[in-house]
Structure formats: C-alpha cells, structure tokens
$ cat start-v8.pdb   # PDB, C-alpha atoms
ATOM      1  CA  MET E 425     130.461 111.436 116.433
ATOM      2  CA  ASN E 426     127.594 113.795 115.609
ATOM      3  CA  GLU E 427     127.442 117.434 116.623
ATOM      4  CA  MET E 428     124.726 117.038 119.269
ATOM      5  CA  THR E 429     126.725 114.391 121.135
ATOM      6  CA  THR E 430     129.847 116.546 120.919
ATOM      7  CA  ALA E 431     127.951 119.549 122.275
ATOM      8  CA  LEU E 432     126.655 117.530 125.216
ATOM      9  CA  ARG E 433     130.112 116.267 126.138
ATOM     10  CA  LEU E 434     131.529 119.784 126.057
ATOM     11  CA  THR E 435     128.686 121.306 128.029
ATOM     12  CA  THR E 436     127.494 120.886 131.590
ATOM     13  CA  PRO E 437     124.738 122.666 133.455
ATOM     14  CA  ALA E 438     125.687 126.004 134.982
ATOM     15  CA  LYS E 439     126.939 125.941 138.555
ATOM     16  CA  GLY E 440     124.158 126.065 141.056
ATOM     17  CA  GLY E 441     121.891 123.752 139.122
ATOM     18  CA  GLY E 442     118.187 124.240 139.369
ATOM     19  CA  LEU E 443     116.065 125.656 136.588
ATOM     20  CA  ARG E 444     118.577 128.386 135.801
ATOM     21  CA  GLY E 445     121.309 125.834 135.209
ATOM     22  CA  ALA E 446     118.989 123.666 133.123
ATOM     23  CA  ILE E 447     118.079 126.656 130.947
ATOM     24  CA  ALA E 448     121.750 127.497 130.442
ATOM     25  CA  PHE E 449     122.379 123.867 129.512
ATOM     26  CA  GLU E 450     119.571 123.812 126.933
ATOM     27  CA  TRP E 451     120.561 127.221 125.546
ATOM     28  CA  THR E 452     124.118 126.061 124.902
ATOM     29  CA  LYS E 453     122.949 122.819 123.308
ATOM     30  CA  LEU E 454     120.524 124.609 121.000
ATOM     31  CA  TRP E 455     123.151 126.980 119.625
ATOM     32  CA  SER E 456     125.884 124.325 119.470
ATOM     33  CA  VAL E 457     124.315 122.506 116.522
ATOM     34  CA  ARG E 458     124.244 123.656 112.917
ATOM     35  CA  SER E 459     120.588 122.684 112.430
ATOM     36  CA  THR E 460     119.455 125.640 114.560
ATOM     37  CA  TRP E 461     121.413 128.133 112.479
ATOM     38  CA  TRP E 462     120.381 126.543 109.181
ATOM     39  CA  SER E 463     116.697 126.454 110.143
ATOM     40  CA  LEU E 464     116.607 130.101 111.158
ATOM     41  CA  ALA E 465     118.649 131.199 108.128
ATOM     42  CA  ALA E 466     116.255 129.300 105.866
ATOM     43  CA  GLY E 467     113.342 130.999 107.613
ATOM     44  CA  VAL E 468     114.792 134.460 106.962
ATOM     45  CA  LEU E 469     115.440 133.659 103.299
ATOM     46  CA  LEU E 470     111.996 132.142 102.752
ATOM     47  CA  CYS E 471     110.367 135.057 104.527
ATOM     48  CA  ALA E 472     111.993 137.559 102.165
ATOM     49  CA  VAL E 473     111.098 135.508  99.089
ATOM     50  CA  PHE E 474     107.470 134.910 100.078
ATOM     51  CA  ALA E 475     107.032 138.560 101.060
ATOM     52  CA  ALA E 476     108.305 139.697  97.665
ATOM     53  CA  VAL E 477     105.949 137.307  95.870
ATOM     54  CA  ILE E 478     102.988 138.451  97.983
ATOM     55  CA  GLY E 479     103.822 142.093  97.353
ATOM     56  CA  MET E 480     104.060 141.565  93.604
ATOM     57  CA  SER E 481     100.799 139.611  93.531
ATOM     58  CA  VAL E 482      99.058 142.474  95.343
ATOM     59  CA  GLU E 483     100.305 144.942  92.745
ATOM     60  CA  ALA E 484      99.209 142.659  89.897
ATOM     61  CA  SER E 485      95.795 141.976  91.435
ATOM     62  CA  GLU E 486      95.134 145.690  91.839
ATOM     63  CA  LYS E 487      95.845 146.263  88.165
ATOM     64  CA  ASN E 488      93.206 143.626  87.382
ATOM     65  CA  GLY E 489      90.592 145.508  89.342
ATOM     66  CA  PHE E 490      90.671 143.667  92.668
ATOM     67  CA  ASP E 491      90.549 145.523  95.970
ATOM     68  CA  VAL E 492      93.694 144.262  97.667
ATOM     69  CA  ALA E 493      94.618 147.170  99.929
ATOM     70  CA  ARG E 494      95.670 145.764 103.302
ATOM     71  CA  PRO E 495      98.365 146.737 105.796
ATOM     72  CA  ALA E 496     101.690 145.193 104.804
ATOM     73  CA  PRO E 497     102.066 143.349 108.170
ATOM     74  CA  HIS E 498      98.776 141.565 107.481
ATOM     75  CA  LEU E 499      99.830 140.692 103.946
ATOM     76  CA  ALA E 500     103.165 139.378 105.233
ATOM     77  CA  ALA E 501     101.309 137.064 107.636
ATOM     78  CA  GLN E 502     100.314 134.930 104.647
ATOM     79  CA  GLY E 503     103.967 134.102 104.007
ATOM     80  CA  ILE E 504     104.700 133.536 107.675
ATOM     81  CA  MET E 505     102.182 130.694 107.715
ATOM     82  CA  LEU E 506     104.643 128.868 105.450
ATOM     83  CA  VAL E 507     107.833 130.263 106.977
ATOM     84  CA  GLN E 508     106.730 128.812 110.324
ATOM     85  CA  LEU E 509     107.930 125.446 108.989
ATOM     86  CA  ALA E 510     111.496 126.621 109.666
ATOM     87  CA  VAL E 511     110.626 127.055 113.355
ATOM     88  CA  LEU E 512     108.875 123.696 113.284
ATOM     89  CA  VAL E 513     112.059 121.999 112.059
ATOM     90  CA  MET E 514     114.252 123.799 114.594
ATOM     91  CA  ALA E 515     112.019 122.831 117.514
ATOM     92  CA  THR E 516     111.628 119.264 116.263
ATOM     93  CA  LEU E 517     115.371 118.669 115.971
ATOM     94  CA  ALA E 518     116.000 120.313 119.338
ATOM     95  CA  THR E 519     113.855 117.556 120.846
ATOM     96  CA  THR E 520     114.055 114.440 118.703
ATOM     97  CA  ALA E 521     117.734 114.526 117.724
ATOM     98  CA  GLU E 522     118.663 113.581 121.278
ATOM     99  CA  TYR E 523     116.572 110.433 121.057
ATOM    100  CA  ALA E 524     117.928 109.566 117.620
ATOM    101  CA  ASN E 525     121.570 109.693 118.666
ATOM    102  CA  GLY E 526     121.171 108.589 122.279
ATOM    103  CA  SER E 527     122.412 111.862 123.772
ATOM    104  CA  ILE E 528     119.191 112.142 125.774
ATOM    105  CA  ARG E 529     120.978 109.977 128.364
ATOM    106  CA  ALA E 530     123.656 112.645 128.771
ATOM    107  CA  THR E 531     120.969 115.307 129.019
ATOM    108  CA  LEU E 532     119.192 113.457 131.810
ATOM    109  CA  ARG E 533     122.466 112.899 133.630
ATOM    110  CA  GLY E 534     123.076 116.640 133.461
ATOM    111  CA  VAL E 535     119.487 117.497 134.447
ATOM    112  CA  PRO E 536     118.074 114.399 136.169
ATOM    113  CA  VAL E 537     114.771 116.050 137.146
ATOM    114  CA  ARG E 538     112.796 115.316 133.992
ATOM    115  CA  GLY E 539     110.156 117.963 134.477
ATOM    116  CA  ARG E 540     112.857 120.594 134.903
ATOM    117  CA  MET E 541     114.609 119.415 131.741
ATOM    118  CA  LEU E 542     111.391 119.612 129.718
ATOM    119  CA  LEU E 543     110.518 123.021 131.136
ATOM    120  CA  ALA E 544     113.991 124.378 130.374
ATOM    121  CA  LYS E 545     113.990 123.039 126.819
ATOM    122  CA  THR E 546     110.510 124.415 126.223
ATOM    123  CA  ALA E 547     111.423 127.852 127.588
ATOM    124  CA  VAL E 548     114.598 128.129 125.503
ATOM    125  CA  VAL E 549     113.092 126.985 122.211
ATOM    126  CA  ALA E 550     109.971 129.102 122.733
ATOM    127  CA  ALA E 551     112.086 132.202 123.405
ATOM    128  CA  VAL E 552     114.099 131.683 120.225
ATOM    129  CA  ALA E 553     110.908 131.057 118.244
ATOM    130  CA  ALA E 554     109.366 134.267 119.608
ATOM    131  CA  ALA E 555     112.415 136.278 118.570
ATOM    132  CA  ALA E 556     112.422 134.614 115.144
ATOM    133  CA  GLY E 557     108.721 135.391 114.697
ATOM    134  CA  THR E 558     109.310 139.061 115.460
ATOM    135  CA  VAL E 559     112.146 139.209 112.927
ATOM    136  CA  PHE E 560     110.089 137.377 110.297
ATOM    137  CA  CYS E 561     107.200 139.803 110.737
ATOM    138  CA  VAL E 562     109.336 142.940 110.493
ATOM    139  CA  LEU E 563     111.321 141.632 107.532
ATOM    140  CA  GLY E 564     108.215 140.353 105.761
ATOM    141  CA  THR E 565     106.453 143.664 106.287
ATOM    142  CA  LEU E 566     109.334 145.725 104.923
ATOM    143  CA  VAL E 567     109.753 143.556 101.825
ATOM    144  CA  THR E 568     106.013 143.325 101.173
ATOM    145  CA  ALA E 569     105.637 147.088 101.488
ATOM    146  CA  VAL E 570     108.337 147.663  98.873
ATOM    147  CA  PHE E 571     106.592 145.512  96.270
ATOM    148  CA  ALA E 572     102.985 146.303  97.199
ATOM    149  CA  GLY E 573     103.543 150.053  97.181
ATOM    150  CA  GLU E 574     100.667 152.182  98.430
ATOM    151  CA  HIS E 575      98.407 149.129  98.601
ATOM    152  CA  GLY E 576     100.334 147.873 101.640
ATOM    153  CA  ALA E 577     100.432 151.129 103.609
ATOM    154  CA  TYR E 578     100.634 150.548 107.359
ATOM    155  CA  THR E 579     101.220 152.329 110.640
ATOM    156  CA  ALA E 580     103.872 151.709 113.283
ATOM    157  CA  GLY E 581     101.129 150.504 115.604
ATOM    158  CA  GLU E 582      99.954 147.901 113.111
ATOM    159  CA  LEU E 583     103.503 146.629 112.678
ATOM    160  CA  ALA E 584     104.093 146.461 116.425
ATOM    161  CA  ALA E 585     100.850 144.560 117.000
ATOM    162  CA  ALA E 586     101.583 142.130 114.176
ATOM    163  CA  ALA E 587     105.163 141.555 115.355
ATOM    164  CA  PHE E 588     103.988 140.846 118.888
ATOM    165  CA  GLY E 589     101.248 138.505 117.674
ATOM    166  CA  THR E 590     103.642 136.657 115.382
ATOM    167  CA  GLY E 591     106.201 136.227 118.141
ATOM    168  CA  VAL E 592     103.593 134.844 120.544
ATOM    169  CA  TYR E 593     102.151 132.547 117.881
ATOM    170  CA  LEU E 594     105.479 131.005 116.873
ATOM    171  CA  ALA E 595     106.531 130.666 120.519
ATOM    172  CA  LEU E 596     103.394 128.643 121.254
ATOM    173  CA  ILE E 597     103.855 126.595 118.073
ATOM    174  CA  ALA E 598     107.369 125.772 119.299
ATOM    175  CA  VAL E 599     105.880 124.630 122.623
ATOM    176  CA  LEU E 600     103.389 122.485 120.712
ATOM    177  CA  VAL E 601     106.268 120.926 118.768
ATOM    178  CA  ILE E 602     108.380 120.272 121.876
ATOM    179  CA  GLY E 603     105.514 118.438 123.553
ATOM    180  CA  THR E 604     104.689 116.441 120.426
ATOM    181  CA  GLY E 605     108.346 115.605 119.815
ATOM    182  CA  THR E 606     108.717 114.335 123.358
ATOM    183  CA  VAL E 607     105.777 112.005 122.779
ATOM    184  CA  PHE E 608     106.867 110.662 119.383
ATOM    185  CA  ARG E 609     110.669 110.865 119.835
ATOM    186  CA  SER E 610     110.877 110.849 116.049
ATOM    187  CA  ALA E 611     111.524 113.760 113.708
ATOM    188  CA  ALA E 612     109.410 112.239 110.943
ATOM    189  CA  GLY E 613     106.470 111.500 113.219
ATOM    190  CA  THR E 614     106.614 114.925 114.857
ATOM    191  CA  ILE E 615     106.893 116.938 111.645
ATOM    192  CA  THR E 616     104.151 114.920 109.944
ATOM    193  CA  THR E 617     101.781 115.346 112.888
ATOM    194  CA  ILE E 618     102.380 119.086 113.247
ATOM    195  CA  ILE E 619     102.007 119.738 109.517
ATOM    196  CA  MET E 620      98.745 117.817 109.546
ATOM    197  CA  VAL E 621      97.473 119.894 112.461
ATOM    198  CA  LEU E 622      98.703 123.258 111.172
ATOM    199  CA  LEU E 623      98.170 123.053 107.421
ATOM    200  CA  VAL E 624      96.112 120.025 106.419
ATOM    201  CA  LEU E 625      93.409 119.740 109.085
ATOM    202  CA  PRO E 626      91.998 123.309 108.734
ATOM    203  CA  GLU E 627      91.595 122.847 104.972
ATOM    204  CA  LEU E 628      90.307 119.295 105.228
ATOM    205  CA  VAL E 629      87.399 120.130 107.496
ATOM    206  CA  LYS E 630      86.288 122.922 105.161
ATOM    207  CA  VAL E 631      85.445 120.474 102.379
ATOM    208  CA  THR E 632      83.449 118.066 104.549
ATOM    209  CA  GLY E 633      80.321 120.188 104.511
ATOM    210  CA  VAL E 634      79.687 119.133 108.114
ATOM    211  CA  GLY E 635      78.828 122.168 110.197
ATOM    212  CA  TRP E 636      80.306 121.108 113.518
ATOM    213  CA  LEU E 637      83.535 119.959 111.869
ATOM    214  CA  GLU E 638      83.906 123.284 110.087
ATOM    215  CA  THR E 639      83.375 125.070 113.388
ATOM    216  CA  ALA E 640      85.928 122.839 115.119
ATOM    217  CA  GLY E 641      88.394 123.607 112.337
ATOM    218  CA  GLU E 642      88.248 127.271 113.292
ATOM    219  CA  TYR E 643      89.927 126.378 116.582
ATOM    220  CA  THR E 644      93.054 124.824 115.092
ATOM    221  CA  PRO E 645      96.378 126.525 115.890
ATOM    222  CA  SER E 646      96.985 128.045 112.455
ATOM    223  CA  VAL E 647      93.548 129.712 112.338
ATOM    224  CA  ALA E 648      94.057 131.120 115.832
ATOM    225  CA  GLY E 649      97.562 132.213 114.824
ATOM    226  CA  ALA E 650      96.269 134.087 111.784
ATOM    227  CA  VAL E 651      93.817 135.949 114.015
ATOM    228  CA  LEU E 652      96.564 136.792 116.491
ATOM    229  CA  MET E 653      98.911 138.100 113.777
ATOM    230  CA  THR E 654      96.356 140.190 111.907
ATOM    231  CA  ARG E 655      93.926 141.143 114.702
ATOM    232  CA  ALA E 656      91.152 139.840 112.454
ATOM    233  CA  GLY E 657      87.637 139.816 113.818
ATOM    234  CA  GLU E 658      86.720 136.558 112.120
ATOM    235  CA  PRO E 659      86.082 133.829 113.113
ATOM    236  CA  TYR E 660      86.809 135.359 116.538
ATOM    237  CA  GLY E 661      89.054 137.967 118.093
ATOM    238  CA  GLY E 662      92.465 137.884 119.716
ATOM    239  CA  GLY E 663      90.878 137.374 123.120
ATOM    240  CA  THR E 664      89.815 133.909 121.950
ATOM    241  CA  ALA E 665      92.803 133.154 119.711
ATOM    242  CA  LEU E 666      95.352 133.313 122.542
ATOM    243  CA  PRO E 667      93.531 130.857 124.858
ATOM    244  CA  VAL E 668      93.048 128.490 121.916
ATOM    245  CA  LEU E 669      96.793 128.453 121.258
ATOM    246  CA  LEU E 670      97.596 128.125 124.955
ATOM    247  CA  LEU E 671      95.302 125.100 125.253
ATOM    248  CA  TRP E 672      96.940 123.364 122.281
ATOM    249  CA  ALA E 673     100.409 124.059 123.678
ATOM    250  CA  ALA E 674      99.465 122.968 127.206
ATOM    251  CA  ALA E 675      97.928 119.720 125.941
ATOM    252  CA  ALA E 676     101.073 118.891 123.975
ATOM    253  CA  VAL E 677     103.388 119.601 126.906
ATOM    254  CA  ALA E 678     101.186 117.563 129.247
ATOM    255  CA  GLY E 679     101.402 114.651 126.812
ATOM    256  CA  GLY E 680     105.157 115.071 126.532
ATOM    257  CA  TRP E 681     105.556 115.179 130.317
ATOM    258  CA  ALA E 682     103.487 112.016 130.717
ATOM    259  CA  ALA E 683     105.546 110.221 128.067
ATOM    260  CA  LEU E 684     108.801 111.416 129.601
ATOM    261  CA  ARG E 685     107.826 110.073 133.016
ATOM    262  CA  ALA E 686     106.522 106.758 131.700
ATOM    263  CA  ARG E 687     109.426 105.783 129.441
ATOM    264  CA  ASP E 688     113.091 105.114 129.919
ATOM    265  CA  ALA E 689     115.566 107.391 128.156
TER     266      ALA E 689
END
$ encode --input "start-v8.pdb" --output "structure tokens"
Amino acid sequence: MNEMTTALRLTTPAKGGGLRGAIAFEWTKLWSVRSTWWSLAAGVLLCAVFAAVIGMSVEASEKNGFDVARPAPHLAAQGIMLVQLAVLVMATLATTAEYANGSIRATLRGVPVRGRMLLAKTAVVAAVAAAAGTVFCVLGTLVTAVFAGEHGAYTAGELAAAAFGTGVYLALIAVLVIGTGTVFRSAAGTITTIIMVLLVLPELVKVTGVGWLETAGEYTPSVAGAVLMTRAGEPYGGGTALPVLLLWAAAAVAGGWAALRARDA
C-alpha cells in the first residue's frame, strides 16, 4: 500500500466540514507523504548550490572586466528560476498521485463537493509554495552575497521586495500546476507541459524572428516571474507582471475545474 493511500485512510476532514475542514484534510495529506519533504529539501539544496555558482561567476566575470554589480537578491533570482522545479514536482505529485493510485476516490468521499476540494488543495499547495519561495530567496541571497562580495551588495528593502515577489510567483506557479495536473491527471504530462511553458516556450519564441511571437513570449509566466522577483522595468513593470501571472493561474484552475466536473474520479 503506498503512502498516499495510507495517509488518506488515517485522515478525515476536520469536524465541521466546509472549506476549513477541506483545507485541514489537504494540509494533512500534503505533509503525510515523503515526496513533499524530499521536493522541498531538494529545493533548498539546489538553491544553495546555484547561489554559490552564481556568486562565484559574478566574481570571476568582474575580474575579466565585466560590469556585474547587481543586488544579491536579483542575482539569486537566476537560480530560483531553476529551483522552482522542486515546487513544480511537489505541486504535481500533490495532484496527480491521487489519480495514479486511485486515492482520489477517498478524497472525494471525504470532500464530496469537488469545487471545495480543488479550492482547498490549491490554497494549501500555494501557501506552502509561497513559504518555500520566501526561504529560497533569503537563502539564495545570503549565499550569493558571500561569494559575490561587494558586487552583490543589497539593502534590506531589496531583499524584502525580492522575497515577497518570489513567494507570490511560486505560489501562482503552484496554482498553475494544480490546475494543469487536474486536467492531465498524469505526472509526466503535467511536468512536461509546465516545463514547456516555463522554460522552453520563452526561449523558443525568441529565435523565431517573428515580432508578434516575441512579444507574446514576454507574457509567459517565467518572464513575468522574473520581473516580479527583481522589480525589473523591462519588458514591463510589476504592475503588469502580477496580472499576467494571475491570468495564467486562473486559466489553469478554470480548466482543472471543468475537467473535474466533467469526468468521473
């Protein structure tokens, strides 16, 4: 018997039901499986490693005459664009594992209102992703600053803004994953699709040479996330980046909700 099924049999929604009970149910399930802990631990480790590499590359580039001085939180954001894969895996397994092992039936018996179940799962995973993003940003900044030296000097305000932006970005990426996972019901399909959207699509459109495609590529989640984490002014500001991410997340959840209503467990 796998761990997700065991967790479901040992857990029931909190007394009183409703959304609060559904959230408690999803919270317990998420932390009852090893994949959540392993994903987040891997994210912390990768964050430290990437931050060290980025910091050392900044120091080396400066010695070669390049102007690389940037606040350490902004430098660390480069590594977080890869570390986000740990959150992607966590959110994917939180959704698709139930379909793979059949425990989605137990989930829907515990929370029979499907919209409430999806909302609770989304809220829980997004909250954990937001906390993880904040930790990744702070850790990445501290490690980068050590290796980059004076070239990564930053203020407390810059760190706070970057940590907030990173938390919001990863929370909305988790929502995007939950919606996509509910549509595909497959870990492979979900991870492949999200990686294509986050990492492949923005680079692919750049090499087409087609103006409108290049412009459209600027509104992919990872580009908007980079703006949100670094407060960059290009290709647009944070006031545009947040709505872009919200639209992607809302579209994914709407698709997941439609699939959840249309299909049997």
$ closest_atom_pairs --input "start-v8.pdb" --of "segment 578-611 of chain E" --to "segment 662-666 of chain E" --cutoff "10 Å" --atoms "all atoms listed in the file" --output "tab-separated table"
residue	atom	partner	partner_atom	distance
E:Gly589	CA	E:Gly662	CA	9.0
E:Val592	CA	E:Leu666	CA	8.6
E:Tyr593	CA	E:Leu666	CA	8.3
E:Leu596	CA	E:Leu666	CA	9.4
$ residues_around --input "start-v8.pdb" --residues "Met653 of chain E" --least-positions-apart "2" --cutoff "6 Å" --atoms "all atoms listed in the file" --output "ChimeraX atom specification"
/E:586,589-590,650-651,655
$ atom_distance --input "start-v8.pdb" --atom1 "atom CA of Trp451 of chain E" --atom2 "atom CA of Ala555 of chain E"
14.0 Å
$ closest_residue --input "start-v8.pdb" --among "E:Ser463, E:Thr452, E:Thr568, E:Thr632" --to "Val507 of chain E" --atoms "all atoms listed in the file"
E:Ser463
$ atom_distance --input "start-v8.pdb" --atom1 "atom CA of Val492 of chain E" --atom2 "atom CA of His575 of chain E"
6.8 Å
$ atom_distance --input "start-v8.pdb" --atom1 "atom CA of Arg538 of chain E" --atom2 "atom CA of Ile597 of chain E"
21.5 Å
$ residues_near_point --input "start-v8.pdb" --point "(113.4, 119.9, 136.8)" --cutoff "12 Å" --atoms "all atoms listed in the file" --output "PyMOL selection string"
chain E and resi 441-447+531-546+681+685
$ resolve_selection --input "start-v8.pdb" --expression "the PyMOL selection byres ((chain E and resi 559) around 10)" --output "count of residues only"
18
$ residues_around --input "start-v8.pdb" --residues "Ala683 of chain E" --least-positions-apart "3" --cutoff "12 Å" --atoms "all atoms listed in the file" --output "list in words"
Arg538, Gly539, Leu542, Gly603, Thr604, Gly605, Thr606, Val607, Phe608, Arg609, Ala676, Val677, Ala678, Gly679, Gly680, Ala686, Arg687, Asp688 and Ala689 of chain E
$ resolve_selection --input "start-v8.pdb" --expression "the PyMOL selection byres ((chain E and resi 524) around 12)" --output "ChimeraX atom specification"
/E:426,428-429,516-523,525-529,605-606,608-612,689
$ write_last_selection --input "start-v8.pdb" --atoms "C-alpha atoms" --output "short mmCIF file (atom, residue, chain, number, x, y, z; two decimals), in the coordinates of the input"
data_model
loop_
_atom_site.label_atom_id
_atom_site.label_comp_id
_atom_site.auth_asym_id
_atom_site.auth_seq_id
_atom_site.Cartn_x
_atom_site.Cartn_y
_atom_site.Cartn_z
CA ASN E 426 127.59 113.80 115.61
CA MET E 428 124.73 117.04 119.27
CA THR E 429 126.72 114.39 121.14
CA THR E 516 111.63 119.26 116.26
CA LEU E 517 115.37 118.67 115.97
CA ALA E 518 116.00 120.31 119.34
CA THR E 519 113.86 117.56 120.85
CA THR E 520 114.06 114.44 118.70
CA ALA E 521 117.73 114.53 117.72
CA GLU E 522 118.66 113.58 121.28
CA TYR E 523 116.57 110.43 121.06
CA ASN E 525 121.57 109.69 118.67
CA GLY E 526 121.17 108.59 122.28
CA SER E 527 122.41 111.86 123.77
CA ILE E 528 119.19 112.14 125.77
CA ARG E 529 120.98 109.98 128.36
CA GLY E 605 108.35 115.60 119.82
CA THR E 606 108.72 114.34 123.36
CA PHE E 608 106.87 110.66 119.38
CA ARG E 609 110.67 110.86 119.84
CA SER E 610 110.88 110.85 116.05
CA ALA E 611 111.52 113.76 113.71
CA ALA E 612 109.41 112.24 110.94
CA ALA E 689 115.57 107.39 128.16
#
$ residues_around --input "start-v8.pdb" --residues "Lys630 of chain E" --least-positions-apart "3" --cutoff "10 Å" --atoms "all atoms listed in the file" --output "mmCIF file with C-alpha atoms, in the coordinates of the input"
data_model
loop_
_atom_site.group_PDB
_atom_site.id
_atom_site.type_symbol
_atom_site.label_atom_id
_atom_site.label_comp_id
_atom_site.auth_asym_id
_atom_site.auth_seq_id
_atom_site.Cartn_x
_atom_site.Cartn_y
_atom_site.Cartn_z
ATOM 1 C CA LEU E 625 93.409 119.740 109.085
ATOM 2 C CA PRO E 626 91.998 123.309 108.734
ATOM 3 C CA GLU E 627 91.595 122.847 104.972
ATOM 4 C CA GLY E 633 80.321 120.188 104.511
ATOM 5 C CA VAL E 634 79.687 119.133 108.114
ATOM 6 C CA GLY E 635 78.828 122.168 110.197
ATOM 7 C CA LEU E 637 83.535 119.959 111.869
ATOM 8 C CA GLU E 638 83.906 123.284 110.087
ATOM 9 C CA THR E 639 83.375 125.070 113.388
ATOM 10 C CA ALA E 640 85.928 122.839 115.119
ATOM 11 C CA GLY E 641 88.394 123.607 112.337
ATOM 12 C CA GLU E 642 88.248 127.271 113.292
#
$ resolve_selection --input "start-v8.pdb" --expression "the PyMOL selection byres ((chain E and resi 647) around 10)" --output "PyMOL selection string"
chain E and resi 505+622-623+626+641-646+648-652+658-660+665+668-669
$ closest_residue --input "start-v8.pdb" --among "E:Gly613, E:Leu469, E:Leu671, E:Glu486" --to "Gly503 of chain E" --atoms "all atoms listed in the file"
E:Leu469
$ closest_residue --input "start-v8.pdb" --among "E:Val570, E:Leu454, E:Leu583, E:Ala551" --to "Pro497 of chain E" --atoms "all atoms listed in the file"
E:Leu583
$ closest_residue --input "start-v8.pdb" --among "E:Leu464, E:Trp455, E:Thr654, E:Gly661" --to "Gln502 of chain E" --atoms "all atoms listed in the file"
E:Thr654
$ closest_residue --input "start-v8.pdb" --among "E:Ala577, E:Ala476, E:Val601, E:Ala484" --to "Ala674 of chain E" --atoms "all atoms listed in the file"
E:Val601
$ decode --input "start-v8.pdb" --residues "segment 570-587 of chain E" --atoms "N, CA and C atoms" --output "PDB file, in the first residue's frame"
ATOM      1  N   VAL E 570      27.762  36.062  -0.163  1.00  0.00           N
ATOM      2  CA  VAL E 570      29.046  35.586   0.356  1.00  0.00           C
ATOM      3  C   VAL E 570      30.062  35.434  -0.765  1.00  0.00           C
ATOM      4  N   PHE E 571      29.645  34.843  -1.871  1.00  0.00           N
ATOM      5  CA  PHE E 571      30.568  34.557  -2.971  1.00  0.00           C
ATOM      6  C   PHE E 571      30.759  35.744  -3.920  1.00  0.00           C
ATOM      7  N   ALA E 572      29.747  36.599  -4.020  1.00  0.00           N
ATOM      8  CA  ALA E 572      29.861  37.743  -4.934  1.00  0.00           C
ATOM      9  C   ALA E 572      30.575  38.920  -4.288  1.00  0.00           C
ATOM     10  N   GLY E 573      30.639  38.919  -2.957  1.00  0.00           N
ATOM     11  CA  GLY E 573      31.320  40.004  -2.264  1.00  0.00           C
ATOM     12  C   GLY E 573      30.621  41.330  -2.465  1.00  0.00           C
ATOM     13  N   GLU E 574      31.411  42.389  -2.659  1.00  0.00           N
ATOM     14  CA  GLU E 574      30.853  43.729  -2.785  1.00  0.00           C
ATOM     15  C   GLU E 574      30.028  43.909  -4.050  1.00  0.00           C
ATOM     16  N   HIS E 575      30.194  43.014  -5.009  1.00  0.00           N
ATOM     17  CA  HIS E 575      29.448  43.123  -6.266  1.00  0.00           C
ATOM     18  C   HIS E 575      27.979  42.739  -6.098  1.00  0.00           C
ATOM     19  N   GLY E 576      27.635  42.133  -4.971  1.00  0.00           N
ATOM     20  CA  GLY E 576      26.241  41.750  -4.732  1.00  0.00           C
ATOM     21  C   GLY E 576      25.612  42.535  -3.595  1.00  0.00           C
ATOM     22  N   ALA E 577      26.168  43.683  -3.260  1.00  0.00           N
ATOM     23  CA  ALA E 577      25.657  44.484  -2.148  1.00  0.00           C
ATOM     24  C   ALA E 577      24.165  44.775  -2.324  1.00  0.00           C
ATOM     25  N   TYR E 578      23.424  44.706  -1.226  1.00  0.00           N
ATOM     26  CA  TYR E 578      21.976  44.911  -1.301  1.00  0.00           C
ATOM     27  C   TYR E 578      21.476  45.533  -0.013  1.00  0.00           C
ATOM     28  N   THR E 579      20.266  46.031  -0.054  1.00  0.00           N
ATOM     29  CA  THR E 579      19.640  46.623   1.126  1.00  0.00           C
ATOM     30  C   THR E 579      18.559  45.680   1.658  1.00  0.00           C
ATOM     31  N   ALA E 580      18.141  45.925   2.883  1.00  0.00           N
ATOM     32  CA  ALA E 580      17.070  45.115   3.475  1.00  0.00           C
ATOM     33  C   ALA E 580      15.784  45.264   2.671  1.00  0.00           C
ATOM     34  N   GLY E 581      15.555  46.456   2.151  1.00  0.00           N
ATOM     35  CA  GLY E 581      14.355  46.684   1.345  1.00  0.00           C
ATOM     36  C   GLY E 581      14.358  45.873   0.062  1.00  0.00           C
ATOM     37  N   GLU E 582      15.517  45.779  -0.568  1.00  0.00           N
ATOM     38  CA  GLU E 582      15.628  44.988  -1.797  1.00  0.00           C
ATOM     39  C   GLU E 582      15.396  43.508  -1.520  1.00  0.00           C
ATOM     40  N   LEU E 583      15.910  43.030  -0.390  1.00  0.00           N
ATOM     41  CA  LEU E 583      15.691  41.631  -0.028  1.00  0.00           C
ATOM     42  C   LEU E 583      14.219  41.367   0.274  1.00  0.00           C
ATOM     43  N   ALA E 584      13.602  42.277   1.012  1.00  0.00           N
ATOM     44  CA  ALA E 584      12.187  42.091   1.358  1.00  0.00           C
ATOM     45  C   ALA E 584      11.312  42.074   0.103  1.00  0.00           C
ATOM     46  N   ALA E 585      11.587  42.989  -0.818  1.00  0.00           N
ATOM     47  CA  ALA E 585      10.804  43.051  -2.052  1.00  0.00           C
ATOM     48  C   ALA E 585      10.998  41.797  -2.891  1.00  0.00           C
ATOM     49  N   ALA E 586      12.247  41.328  -2.975  1.00  0.00           N
ATOM     50  CA  ALA E 586      12.526  40.127  -3.755  1.00  0.00           C
ATOM     51  C   ALA E 586      11.893  38.895  -3.117  1.00  0.00           C
ATOM     52  N   ALA E 587      11.953  38.803  -1.793  1.00  0.00           N
ATOM     53  CA  ALA E 587      11.364  37.656  -1.094  1.00  0.00           C
ATOM     54  C   ALA E 587       9.858  37.626  -1.285  1.00  0.00           C
TER      55      ALA E 587
END
